[in-house]
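A.B. asks: Contents of data-v6.pdb (PDB, C-alpha atoms) are below:
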```
ATOM      1  CA  MET Q   1      -9.786  12.682  14.818  1.00  0.00           C
ATOM      2  CA  ILE Q   2     -10.406  10.583  17.924  1.00  0.00           C
ATOM      3  CA  GLU Q   3      -7.728  10.541  20.620  1.00  0.00           C
ATOM      4  CA  LEU Q   4      -7.610   7.659  23.082  1.00  0.00           C
ATOM      5  CA  VAL Q   5      -5.435   7.967  26.164  1.00  0.00           C
ATOM      6  CA  GLU Q   6      -5.282   4.810  28.247  1.00  0.00           C
ATOM      7  CA  GLN Q   7      -3.164   3.980  31.284  1.00  0.00           C
ATOM      8  CA  GLY Q   8       0.240   2.542  30.399  1.00  0.00           C
ATOM      9  CA  ARG Q   9      -0.032   3.542  26.740  1.00  0.00           C
ATOM     10  CA  VAL Q  10       0.994   6.508  24.607  1.00  0.00           C
ATOM     11  CA  PRO Q  11      -1.945   8.389  23.071  1.00  0.00           C
ATOM     12  CA  MET Q  12      -3.642   6.686  20.129  1.00  0.00           C
ATOM     13  CA  LYS Q  13      -4.858   9.189  17.514  1.00  0.00           C
ATOM     14  CA  LEU Q  14      -7.410   7.658  15.146  1.00  0.00           C
ATOM     15  CA  TRP Q  15      -8.470   9.309  11.881  1.00  0.00           C
ATOM     16  CA  THR Q  16     -11.338   6.818  11.599  1.00  0.00           C
ATOM     17  CA  ASP Q  17     -14.522   8.870  11.804  1.00  0.00           C
ATOM     18  CA  GLY Q  18     -17.220   6.679  10.235  1.00  0.00           C
ATOM     19  CA  VAL Q  19     -14.825   3.715   9.907  1.00  0.00           C
ATOM     20  CA  GLU Q  20     -15.333   0.590  11.991  1.00  0.00           C
ATOM     21  CA  VAL Q  21     -12.054  -0.567  13.558  1.00  0.00           C
ATOM     22  CA  GLU Q  22     -12.127  -4.344  13.948  1.00  0.00           C
ATOM     23  CA  HIS Q  23     -11.501  -5.796  17.405  1.00  0.00           C
ATOM     24  CA  GLU Q  24      -8.305  -7.596  16.322  1.00  0.00           C
ATOM     25  CA  ALA Q  25      -6.842  -4.393  14.872  1.00  0.00           C
ATOM     26  CA  MET Q  26      -7.677  -2.420  18.019  1.00  0.00           C
ATOM     27  CA  ALA Q  27      -5.947  -5.069  20.141  1.00  0.00           C
ATOM     28  CA  GLN Q  28      -2.811  -4.696  17.995  1.00  0.00           C
ATOM     29  CA  ILE Q  29      -2.960  -0.903  18.295  1.00  0.00           C
ATOM     30  CA  ARG Q  30      -3.247  -1.063  22.084  1.00  0.00           C
ATOM     31  CA  ASN Q  31      -0.369  -3.540  22.221  1.00  0.00           C
ATOM     32  CA  VAL Q  32       1.999  -1.361  20.204  1.00  0.00           C
ATOM     33  CA  ALA Q  33       0.941   1.761  22.148  1.00  0.00           C
ATOM     34  CA  SER Q  34       2.161   0.061  25.332  1.00  0.00           C
ATOM     35  CA  LEU Q  35       5.711  -0.539  24.043  1.00  0.00           C
ATOM     36  CA  PRO Q  36       8.326   1.604  25.839  1.00  0.00           C
ATOM     37  CA  VAL Q  37      10.091   2.516  22.557  1.00  0.00           C
ATOM     38  CA  VAL Q  38       6.953   3.938  20.905  1.00  0.00           C
ATOM     39  CA  GLY Q  39       5.933   7.587  21.003  1.00  0.00           C
ATOM     40  CA  PRO Q  40       4.977  10.353  21.238  1.00  0.00           C
ATOM     41  CA  HIS Q  41       1.751   8.759  19.942  1.00  0.00           C
ATOM     42  CA  VAL Q  42       0.449   6.134  17.529  1.00  0.00           C
ATOM     43  CA  ALA Q  43      -1.534   7.396  14.521  1.00  0.00           C
ATOM     44  CA  ILE Q  44      -4.236   5.300  12.868  1.00  0.00           C
ATOM     45  CA  MET Q  45      -5.388   5.968   9.308  1.00  0.00           C
ATOM     46  CA  PRO Q  46      -8.831   5.280   7.742  1.00  0.00           C
ATOM     47  CA  ASP Q  47      -7.563   2.124   5.965  1.00  0.00           C
ATOM     48  CA  VAL Q  48      -6.809   0.467   9.316  1.00  0.00           C
ATOM     49  CA  HIS Q  49      -7.112  -3.313   9.526  1.00  0.00           C
ATOM     50  CA  TRP Q  50      -5.447  -6.232  11.268  1.00  0.00           C
ATOM     51  CA  GLY Q  51      -2.016  -7.104   9.940  1.00  0.00           C
ATOM     52  CA  VAL Q  52       0.699  -9.689  10.439  1.00  0.00           C
ATOM     53  CA  GLY Q  53       2.955  -8.297  13.159  1.00  0.00           C
ATOM     54  CA  ALA Q  54       1.555  -4.775  13.061  1.00  0.00           C
ATOM     55  CA  THR Q  55      -1.701  -3.086  12.157  1.00  0.00           C
ATOM     56  CA  VAL Q  56      -2.040  -2.038   8.532  1.00  0.00           C
ATOM     57  CA  GLY Q  57      -2.839   1.665   8.310  1.00  0.00           C
ATOM     58  CA  SER Q  58      -0.855   2.607  11.415  1.00  0.00           C
ATOM     59  CA  VAL Q  59       2.027   5.035  11.879  1.00  0.00           C
ATOM     60  CA  ILE Q  60       4.295   3.926  14.707  1.00  0.00           C
ATOM     61  CA  PRO Q  61       7.087   6.373  15.618  1.00  0.00           C
ATOM     62  CA  THR Q  62       9.864   4.880  17.726  1.00  0.00           C
ATOM     63  CA  ARG Q  63      12.652   6.197  19.921  1.00  0.00           C
ATOM     64  CA  ALA Q  64      16.098   4.601  19.398  1.00  0.00           C
ATOM     65  CA  ALA Q  65      14.513   1.460  17.978  1.00  0.00           C
ATOM     66  CA  ILE Q  66      13.506  -0.110  14.680  1.00  0.00           C
ATOM     67  CA  ILE Q  67      10.507  -2.447  14.433  1.00  0.00           C
ATOM     68  CA  PRO Q  68      10.765  -4.243  11.053  1.00  0.00           C
ATOM     69  CA  ALA Q  69       7.332  -5.847  11.456  1.00  0.00           C
ATOM     70  CA  ALA Q  70       5.826  -2.358  11.787  1.00  0.00           C
ATOM     71  CA  VAL Q  71       7.107  -1.620   8.291  1.00  0.00           C
ATOM     72  CA  GLY Q  72       5.825  -5.034   7.296  1.00  0.00           C
ATOM     73  CA  VAL Q  73       5.861  -6.712   3.914  1.00  0.00           C
ATOM     74  CA  ASP Q  74       3.657  -4.175   2.133  1.00  0.00           C
ATOM     75  CA  LEU Q  75       6.824  -2.174   1.447  1.00  0.00           C
ATOM     76  CA  GLY Q  76       6.189  -0.109  -1.651  1.00  0.00           C
ATOM     77  CA  CYS Q  77       2.404  -0.270  -1.519  1.00  0.00           C
ATOM     78  CA  GLY Q  78       0.800   3.119  -1.883  1.00  0.00           C
ATOM     79  CA  MET Q  79      -2.408   5.122  -1.825  1.00  0.00           C
ATOM     80  CA  MET Q  80      -3.212   8.008  -4.137  1.00  0.00           C
ATOM     81  CA  ALA Q  81      -6.310  10.014  -4.984  1.00  0.00           C
ATOM     82  CA  VAL Q  82      -6.295  12.204  -8.108  1.00  0.00           C
ATOM     83  CA  ARG Q  83      -9.030  14.657  -8.954  1.00  0.00           C
ATOM     84  CA  THR Q  84     -10.022  14.778 -12.612  1.00  0.00           C
ATOM     85  CA  ASP Q  85     -11.809  17.550 -14.510  1.00  0.00           C
ATOM     86  CA  LEU Q  86     -14.765  15.198 -15.093  1.00  0.00           C
ATOM     87  CA  THR Q  87     -18.180  15.432 -13.438  1.00  0.00           C
ATOM     88  CA  VAL Q  88     -20.758  12.806 -12.538  1.00  0.00           C
ATOM     89  CA  SER Q  89     -23.093  14.017 -15.279  1.00  0.00           C
ATOM     90  CA  GLU Q  90     -20.364  13.527 -17.900  1.00  0.00           C
ATOM     91  CA  LEU Q  91     -19.906   9.906 -16.817  1.00  0.00           C
ATOM     92  CA  ALA Q  92     -23.582   8.981 -16.973  1.00  0.00           C
ATOM     93  CA  GLY Q  93     -23.776   5.576 -18.644  1.00  0.00           C
ATOM     94  CA  GLN Q  94     -19.991   5.407 -19.135  1.00  0.00           C
ATOM     95  CA  LEU Q  95     -18.839   3.511 -16.025  1.00  0.00           C
ATOM     96  CA  ALA Q  96     -18.821   0.120 -17.757  1.00  0.00           C
ATOM     97  CA  VAL Q  97     -16.709   1.558 -20.572  1.00  0.00           C
ATOM     98  CA  ILE Q  98     -14.270   3.119 -18.083  1.00  0.00           C
ATOM     99  CA  ARG Q  99     -13.991  -0.102 -16.101  1.00  0.00           C
ATOM    100  CA  ASP Q 100     -13.285  -2.073 -19.267  1.00  0.00           C
ATOM    101  CA  ALA Q 101     -10.586   0.424 -20.306  1.00  0.00           C
ATOM    102  CA  ILE Q 102      -8.907   0.206 -16.873  1.00  0.00           C
ATOM    103  CA  GLU Q 103      -8.967  -3.596 -16.929  1.00  0.00           C
ATOM    104  CA  ARG Q 104      -7.484  -3.680 -20.437  1.00  0.00           C
ATOM    105  CA  ALA Q 105      -4.756  -1.180 -19.544  1.00  0.00           C
ATOM    106  CA  ILE Q 106      -3.594  -2.514 -16.176  1.00  0.00           C
ATOM    107  CA  PRO Q 107      -2.765  -6.171 -15.400  1.00  0.00           C
ATOM    108  CA  VAL Q 108      -4.419  -7.477 -12.229  1.00  0.00           C
ATOM    109  CA  GLY Q 109      -3.570 -10.541 -10.172  1.00  0.00           C
ATOM    110  CA  GLY Q 110      -0.525 -12.383  -8.990  1.00  0.00           C
ATOM    111  CA  PRO Q 111       1.895 -13.554  -7.802  1.00  0.00           C
ATOM    112  CA  GLY Q 112       4.370 -14.498 -10.530  1.00  0.00           C
ATOM    113  CA  ILE Q 113       3.451 -14.123 -14.181  1.00  0.00           C
ATOM    114  CA  LYS Q 114      -0.266 -13.742 -13.477  1.00  0.00           C
ATOM    115  CA  GLY Q 115      -1.030 -10.045 -13.346  1.00  0.00           C
ATOM    116  CA  SER Q 116       2.381  -9.018 -14.686  1.00  0.00           C
ATOM    117  CA  TRP Q 117       3.352  -7.507 -18.029  1.00  0.00           C
ATOM    118  CA  ASP Q 118       4.768 -10.946 -18.937  1.00  0.00           C
ATOM    119  CA  GLN Q 119       1.180 -12.174 -19.121  1.00  0.00           C
ATOM    120  CA  ARG Q 120       0.604  -9.665 -21.929  1.00  0.00           C
ATOM    121  CA  GLY Q 121       3.825 -10.493 -23.742  1.00  0.00           C
ATOM    122  CA  THR Q 122       5.924  -7.376 -23.171  1.00  0.00           C
ATOM    123  CA  THR Q 123       6.545  -4.639 -20.628  1.00  0.00           C
ATOM    124  CA  PRO Q 124       5.529  -1.223 -22.033  1.00  0.00           C
ATOM    125  CA  ALA Q 125       8.403   1.122 -22.908  1.00  0.00           C
ATOM    126  CA  PRO Q 126       7.304   3.866 -20.439  1.00  0.00           C
ATOM    127  CA  VAL Q 127       7.392   1.314 -17.595  1.00  0.00           C
ATOM    128  CA  LEU Q 128      10.897   0.193 -18.604  1.00  0.00           C
ATOM    129  CA  THR Q 129      12.019   3.827 -18.715  1.00  0.00           C
ATOM    130  CA  VAL Q 130      10.698   4.569 -15.222  1.00  0.00           C
ATOM    131  CA  TRP Q 131      12.378   1.418 -13.886  1.00  0.00           C
ATOM    132  CA  GLU Q 132      15.724   2.322 -15.460  1.00  0.00           C
ATOM    133  CA  GLN Q 133      15.628   5.960 -14.350  1.00  0.00           C
ATOM    134  CA  GLU Q 134      14.237   5.591 -10.841  1.00  0.00           C
ATOM    135  CA  PHE Q 135      14.646   2.055  -9.501  1.00  0.00           C
ATOM    136  CA  ASP Q 136      17.238  -0.045 -11.307  1.00  0.00           C
ATOM    137  CA  ASP Q 137      20.412   1.273  -9.627  1.00  0.00           C
ATOM    138  CA  GLY Q 138      18.984   1.310  -6.128  1.00  0.00           C
ATOM    139  CA  PHE Q 139      17.502  -2.154  -6.407  1.00  0.00           C
ATOM    140  CA  ALA Q 140      20.774  -3.496  -7.847  1.00  0.00           C
ATOM    141  CA  ARG Q 141      22.634  -2.140  -4.773  1.00  0.00           C
ATOM    142  CA  ILE Q 142      20.143  -3.809  -2.425  1.00  0.00           C
ATOM    143  CA  GLN Q 143      20.455  -7.109  -4.315  1.00  0.00           C
ATOM    144  CA  ALA Q 144      24.269  -6.959  -4.272  1.00  0.00           C
ATOM    145  CA  LYS Q 145      24.282  -6.491  -0.499  1.00  0.00           C
ATOM    146  CA  HIS Q 146      21.468  -8.967   0.191  1.00  0.00           C
ATOM    147  CA  PRO Q 147      21.522 -11.729  -2.482  1.00  0.00           C
ATOM    148  CA  ARG Q 148      18.600 -13.631  -0.949  1.00  0.00           C
ATOM    149  CA  ILE Q 149      16.153 -11.058  -2.293  1.00  0.00           C
ATOM    150  CA  ARG Q 150      17.520 -11.450  -5.834  1.00  0.00           C
ATOM    151  CA  GLN Q 151      14.467 -13.007  -7.403  1.00  0.00           C
ATOM    152  CA  GLN Q 152      12.027 -12.016 -10.094  1.00  0.00           C
ATOM    153  CA  PRO Q 153       9.628 -10.377 -10.711  1.00  0.00           C
ATOM    154  CA  THR Q 154      10.655  -6.723 -10.517  1.00  0.00           C
ATOM    155  CA  VAL Q 155      10.167  -4.485 -13.549  1.00  0.00           C
ATOM    156  CA  THR Q 156       7.564  -6.836 -15.037  1.00  0.00           C
ATOM    157  CA  GLN Q 157       5.313  -5.997 -12.060  1.00  0.00           C
ATOM    158  CA  LEU Q 158       5.865  -2.223 -12.066  1.00  0.00           C
ATOM    159  CA  GLY Q 159       2.650  -0.383 -12.919  1.00  0.00           C
ATOM    160  CA  THR Q 160       0.421  -3.429 -12.393  1.00  0.00           C
ATOM    161  CA  LEU Q 161      -2.183  -3.666  -9.661  1.00  0.00           C
ATOM    162  CA  GLY Q 162      -1.637  -6.905  -7.789  1.00  0.00           C
ATOM    163  CA  THR Q 163      -4.313  -8.697  -5.838  1.00  0.00           C
ATOM    164  CA  GLY Q 164      -5.748  -8.860  -2.323  1.00  0.00           C
ATOM    165  CA  ASN Q 165      -6.885  -5.456  -1.084  1.00  0.00           C
ATOM    166  CA  HIS Q 166      -5.383  -3.452  -3.970  1.00  0.00           C
ATOM    167  CA  PHE Q 167      -7.847  -1.529  -6.118  1.00  0.00           C
ATOM    168  CA  ILE Q 168      -8.648   1.284  -8.520  1.00  0.00           C
ATOM    169  CA  GLU Q 169     -11.864   3.181  -7.851  1.00  0.00           C
ATOM    170  CA  VAL Q 170     -13.802   5.873  -9.667  1.00  0.00           C
ATOM    171  CA  CYS Q 171     -15.137   8.122  -6.892  1.00  0.00           C
ATOM    172  CA  GLN Q 172     -17.737  10.870  -6.736  1.00  0.00           C
ATOM    173  CA  ASP Q 173     -17.047  14.024  -4.719  1.00  0.00           C
ATOM    174  CA  LEU Q 174     -20.228  14.416  -2.693  1.00  0.00           C
ATOM    175  CA  GLU Q 175     -19.717  18.169  -2.309  1.00  0.00           C
ATOM    176  CA  ASP Q 176     -19.489  19.221  -5.948  1.00  0.00           C
ATOM    177  CA  GLY Q 177     -20.055  16.128  -8.125  1.00  0.00           C
ATOM    178  CA  GLY Q 178     -16.449  16.003  -9.280  1.00  0.00           C
ATOM    179  CA  ILE Q 179     -14.774  12.707 -10.178  1.00  0.00           C
ATOM    180  CA  TRP Q 180     -11.686  11.295  -8.500  1.00  0.00           C
ATOM    181  CA  PHE Q 181      -9.637   8.207  -9.270  1.00  0.00           C
ATOM    182  CA  MET Q 182      -8.327   6.439  -6.179  1.00  0.00           C
ATOM    183  CA  LEU Q 183      -5.582   3.826  -6.330  1.00  0.00           C
ATOM    184  CA  HIS Q 184      -4.217   1.400  -3.771  1.00  0.00           C
ATOM    185  CA  SER Q 185      -1.160  -0.025  -5.480  1.00  0.00           C
ATOM    186  CA  GLY Q 186       0.747  -3.134  -4.452  1.00  0.00           C
ATOM    187  CA  SER Q 187       4.463  -3.802  -4.174  1.00  0.00           C
ATOM    188  CA  ARG Q 188       3.909  -6.935  -6.294  1.00  0.00           C
ATOM    189  CA  GLY Q 189       6.159  -9.338  -4.399  1.00  0.00           C
ATOM    190  CA  VAL Q 190       9.357  -7.311  -4.174  1.00  0.00           C
ATOM    191  CA  GLY Q 191       8.158  -5.560  -1.002  1.00  0.00           C
ATOM    192  CA  ASN Q 192       7.211  -8.911   0.492  1.00  0.00           C
ATOM    193  CA  ARG Q 193      10.654 -10.356  -0.241  1.00  0.00           C
ATOM    194  CA  ILE Q 194      12.482  -7.372   1.233  1.00  0.00           C
ATOM    195  CA  GLY Q 195      10.220  -7.155   4.291  1.00  0.00           C
ATOM    196  CA  THR Q 196      10.328 -10.896   5.025  1.00  0.00           C
ATOM    197  CA  TYR Q 197      14.107 -10.974   4.671  1.00  0.00           C
ATOM    198  CA  PHE Q 198      14.755  -8.107   7.083  1.00  0.00           C
ATOM    199  CA  ILE Q 199      12.160  -9.320   9.606  1.00  0.00           C
ATOM    200  CA  GLU Q 200      14.029 -12.662   9.623  1.00  0.00           C
ATOM    201  CA  GLN Q 201      17.328 -10.825  10.096  1.00  0.00           C
ATOM    202  CA  ALA Q 202      15.901  -8.882  13.044  1.00  0.00           C
TER     203      ALA Q 202
END
```
Translate the structure of the given file into structure tokens.

C.D. replies:
Amino acid sequence: MIELVEQGRVPMKLWTDGVEVEHEAMAQIRNVASLPVVGPHVAIMPDVHWGVGATVGSVIPTRAAIIPAAVGVDLGCGMMAVRTDLTVSELAGQLAVIRDAIERAIPVGGPGIKGSWDQRGTTPAPVLTVWEQEFDDGFARIQAKHPRIRQQPTVTQLGTLGTGNHFIEVCQDLEDGGIWFMLHSGSRGVGNRIGTYFIEQA
């Protein structure tokens, strides 16, 4: 972790060892670190890059203030790394097969029908179940209170990858040769609609 303390700014803690932070992103970080409502520090993650309104990959705590642009329109995007019980030697010559299986299982692309389950004809039953059990009621309450975000797609995008900087990677653990799957999932439009709406309201 690198800690930068500059005059007129709260400390900037960067978990970016070995990661190049682009000039435009660093300018955004310095700008937000100079705001009087921000603190006790700004934290910067390894996926840092320039963003619209606020730097992607930043954590910006505030005092008695809300900055909608700091939440941004990537609402609902996520990162996850899962270790498997596989090893590099077990995957020798199998990466093309694994990639093909991932691409067949998970729609990629967007927005709209492209990259959604609609493109494949039907949304899988497990996806529908997760939507109904975990998201349907909450999203219905948001839509009832804020009708302007009542647009599709919603459930037809759940469990799909999206586009842009979203990815699935097969990763090698350099210490022991273990295999990890890493996922950067997208909010597939619904996060953009919610974020844009509330930034406009603010």

A.B. asks: If you count all atoms listed in the file, which residues fall within 10 Å of segment 42-49 of chain Q, apart from same-chain ones fewer than 6 positions away, as a ChimeraX atom specification?

C.D. replies: /Q:1-4,9-26,28-30,32-33,55-62,79

A.B. asks: By how many Å are atom CA of Ser116 of chain Q and atom CA of Gln157 of chain Q apart?

C.D. replies: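 Value for the atom CA of Ser116 of chain Q-atom CA of Gln157 of chain Q distance: 5.0 Å.
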
A.B. asks: Quick one: residues within 12 Å of segment 94-103 of chain Q, all atoms listed in the file, excluding same-chain residues fewer than 6 positions away - as a list in words?

C.D. replies: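 Counting all atoms listed in the file, the residues come to Leu86, Thr87, Val88, Gly109, Gly115, Thr160, Leu161, Phe167, Ile168, Glu169, Val170, Cys171, Gln172, Ile179, Phe181 and Leu183 of chain Q.
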
A.B. asks: Within 10 Å of Ala202 of chain Q, counting only C-alpha atoms, which residues show up once you throw out same-chain ones fewer than 6 positions away? Write them as a VMD selection string, please.

C.D. replies: chain Q and resid 66 to 69 196

A.B. asks: Please evaluate the PyMOL selection byres ((chain Q and resi 188) around 10) against the displayed coordinates and give the resulting residues as an MDAnalysis selection string.

C.D. replies: chainID Q and resid 74:77 109:112 115:116 153:163 185:187 189:193

A.B. asks: With C-alpha atoms kept, could you save the residues just selected as a PDB file, in the coordinates of the input?

C.D. replies:
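Output contents, as saved in again14.pdb:
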```
ATOM      1  CA  ASP Q  74       3.657  -4.175   2.133  1.00  0.00           C
ATOM      2  CA  LEU Q  75       6.824  -2.174   1.447  1.00  0.00           C
ATOM      3  CA  GLY Q  76       6.189  -0.109  -1.651  1.00  0.00           C
ATOM      4  CA  CYS Q  77       2.404  -0.270  -1.519  1.00  0.00           C
ATOM      5  CA  GLY Q 109      -3.570 -10.541 -10.172  1.00  0.00           C
ATOM      6  CA  GLY Q 110      -0.525 -12.383  -8.990  1.00  0.00           C
ATOM      7  CA  PRO Q 111       1.895 -13.554  -7.802  1.00  0.00           C
ATOM      8  CA  GLY Q 112       4.370 -14.498 -10.530  1.00  0.00           C
ATOM      9  CA  GLY Q 115      -1.030 -10.045 -13.346  1.00  0.00           C
ATOM     10  CA  SER Q 116       2.381  -9.018 -14.686  1.00  0.00           C
ATOM     11  CA  PRO Q 153       9.628 -10.377 -10.711  1.00  0.00           C
ATOM     12  CA  THR Q 154      10.655  -6.723 -10.517  1.00  0.00           C
ATOM     13  CA  VAL Q 155      10.167  -4.485 -13.549  1.00  0.00           C
ATOM     14  CA  THR Q 156       7.564  -6.836 -15.037  1.00  0.00           C
ATOM     15  CA  GLN Q 157       5.313  -5.997 -12.060  1.00  0.00           C
ATOM     16  CA  LEU Q 158       5.865  -2.223 -12.066  1.00  0.00           C
ATOM     17  CA  GLY Q 159       2.650  -0.383 -12.919  1.00  0.00           C
ATOM     18  CA  THR Q 160       0.421  -3.429 -12.393  1.00  0.00           C
ATOM     19  CA  LEU Q 161      -2.183  -3.666  -9.661  1.00  0.00           C
ATOM     20  CA  GLY Q 162      -1.637  -6.905  -7.789  1.00  0.00           C
ATOM     21  CA  THR Q 163      -4.313  -8.697  -5.838  1.00  0.00           C
ATOM     22  CA  SER Q 185      -1.160  -0.025  -5.480  1.00  0.00           C
ATOM     23  CA  GLY Q 186       0.747  -3.134  -4.452  1.00  0.00           C
ATOM     24  CA  SER Q 187       4.463  -3.802  -4.174  1.00  0.00           C
ATOM     25  CA  GLY Q 189       6.159  -9.338  -4.399  1.00  0.00           C
ATOM     26  CA  VAL Q 190       9.357  -7.311  -4.174  1.00  0.00           C
ATOM     27  CA  GLY Q 191       8.158  -5.560  -1.002  1.00  0.00           C
ATOM     28  CA  ASN Q 192       7.211  -8.911   0.492  1.00  0.00           C
ATOM     29  CA  ARG Q 193      10.654 -10.356  -0.241  1.00  0.00           C
TER      30      ARG Q 193
END
```

A.B. asks: Which value, in Å to one decimal, gives the distance between atom CA of Pro107 of chain Q and atom CA of Val127 of chain Q?

C.D. replies: 12.8 Å

A.B. asks: What is the atom CA of Val52 of chain Q-atom CA of Val71 of chain Q distance in Å, reported with one decimal?

C.D. replies: 10.5 Å

A.B. asks: Looking at Q:Trp50, Q:Trp180, Q:Trp117, Q:Trp131, which one is nearest to Asp85 of chain Q, with distances taken over only C-alpha atoms?

C.D. replies: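 For Asp85 of chain Q, the nearest of the given residues is Q:Trp180.
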
A.B. asks: Between Q:Arg148, Q:Gly51, Q:Pro36, Q:Thr84, which is the closest to Asp173 of chain Q once you count only C-alpha atoms?

C.D. replies: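 Among the listed residues, the smallest separation from Asp173 of chain Q belongs to Q:Thr84.
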
A.B. asks: Kindly reconstruct segment 145-164 of chain Q with N, CA and C atoms and present the result as an mmCIF file, keeping the file's coordinate frame.

C.D. replies:
```cif
data_model
loop_
_atom_site.group_PDB
_atom_site.id
_atom_site.type_symbol
_atom_site.label_atom_id
_atom_site.label_comp_id
_atom_site.auth_asym_id
_atom_site.auth_seq_id
_atom_site.Cartn_x
_atom_site.Cartn_y
_atom_site.Cartn_z
ATOM 1 N N LYS Q 145 24.002 -6.382 -1.935
ATOM 2 C CA LYS Q 145 24.282 -6.491 -0.499
ATOM 3 C C LYS Q 145 23.510 -7.629 0.151
ATOM 4 N N HIS Q 146 22.345 -7.951 -0.399
ATOM 5 C CA HIS Q 146 21.468 -8.967 0.191
ATOM 6 C C HIS Q 146 20.993 -9.913 -0.914
ATOM 7 N N PRO Q 147 21.836 -10.862 -1.325
ATOM 8 C CA PRO Q 147 21.522 -11.729 -2.482
ATOM 9 C C PRO Q 147 20.247 -12.543 -2.338
ATOM 10 N N ARG Q 148 19.792 -12.791 -1.115
ATOM 11 C CA ARG Q 148 18.600 -13.631 -0.949
ATOM 12 C C ARG Q 148 17.338 -12.998 -1.515
ATOM 13 N N ILE Q 149 17.355 -11.678 -1.717
ATOM 14 C CA ILE Q 149 16.153 -11.058 -2.293
ATOM 15 C C ILE Q 149 16.267 -10.956 -3.811
ATOM 16 N N ARG Q 150 17.314 -11.534 -4.385
ATOM 17 C CA ARG Q 150 17.520 -11.450 -5.834
ATOM 18 C C ARG Q 150 16.648 -12.479 -6.534
ATOM 19 N N GLN Q 151 15.426 -12.144 -6.717
ATOM 20 C CA GLN Q 151 14.467 -13.007 -7.403
ATOM 21 C C GLN Q 151 13.599 -12.131 -8.287
ATOM 22 N N GLN Q 152 13.011 -12.724 -9.283
ATOM 23 C CA GLN Q 152 12.027 -12.016 -10.094
ATOM 24 C C GLN Q 152 10.675 -12.238 -9.432
ATOM 25 N N PRO Q 153 9.660 -11.448 -9.724
ATOM 26 C CA PRO Q 153 9.628 -10.377 -10.711
ATOM 27 C C PRO Q 153 9.984 -9.022 -10.103
ATOM 28 N N THR Q 154 10.410 -8.099 -10.940
ATOM 29 C CA THR Q 154 10.655 -6.723 -10.517
ATOM 30 C C THR Q 154 9.992 -5.789 -11.517
ATOM 31 N N VAL Q 155 10.702 -5.446 -12.591
ATOM 32 C CA VAL Q 155 10.167 -4.485 -13.549
ATOM 33 C C VAL Q 155 8.898 -5.000 -14.222
ATOM 34 N N THR Q 156 8.754 -6.302 -14.366
ATOM 35 C CA THR Q 156 7.564 -6.836 -15.037
ATOM 36 C C THR Q 156 6.294 -6.654 -14.203
ATOM 37 N N GLN Q 157 6.470 -6.256 -12.926
ATOM 38 C CA GLN Q 157 5.313 -5.997 -12.060
ATOM 39 C C GLN Q 157 5.045 -4.507 -11.892
ATOM 40 N N LEU Q 158 6.012 -3.659 -12.268
ATOM 41 C CA LEU Q 158 5.865 -2.223 -12.066
ATOM 42 C C LEU Q 158 4.681 -1.693 -12.880
ATOM 43 N N GLY Q 159 3.804 -0.949 -12.228
ATOM 44 C CA GLY Q 159 2.650 -0.383 -12.919
ATOM 45 C C GLY Q 159 1.477 -1.324 -13.054
ATOM 46 N N THR Q 160 1.552 -2.501 -12.414
ATOM 47 C CA THR Q 160 0.421 -3.429 -12.393
ATOM 48 C C THR Q 160 -0.221 -3.354 -11.020
ATOM 49 N N LEU Q 161 -1.412 -3.921 -10.876
ATOM 50 C CA LEU Q 161 -2.183 -3.666 -9.661
ATOM 51 C C LEU Q 161 -1.932 -4.657 -8.542
ATOM 52 N N GLY Q 162 -1.752 -5.910 -8.847
ATOM 53 C CA GLY Q 162 -1.637 -6.905 -7.789
ATOM 54 C C GLY Q 162 -2.982 -7.508 -7.461
ATOM 55 N N THR Q 163 -3.094 -8.000 -6.239
ATOM 56 C CA THR Q 163 -4.313 -8.697 -5.838
ATOM 57 C C THR Q 163 -4.618 -8.341 -4.386
ATOM 58 N N GLY Q 164 -5.426 -9.135 -3.723
ATOM 59 C CA GLY Q 164 -5.748 -8.860 -2.323
ATOM 60 C C GLY Q 164 -6.574 -7.605 -2.188
#
```
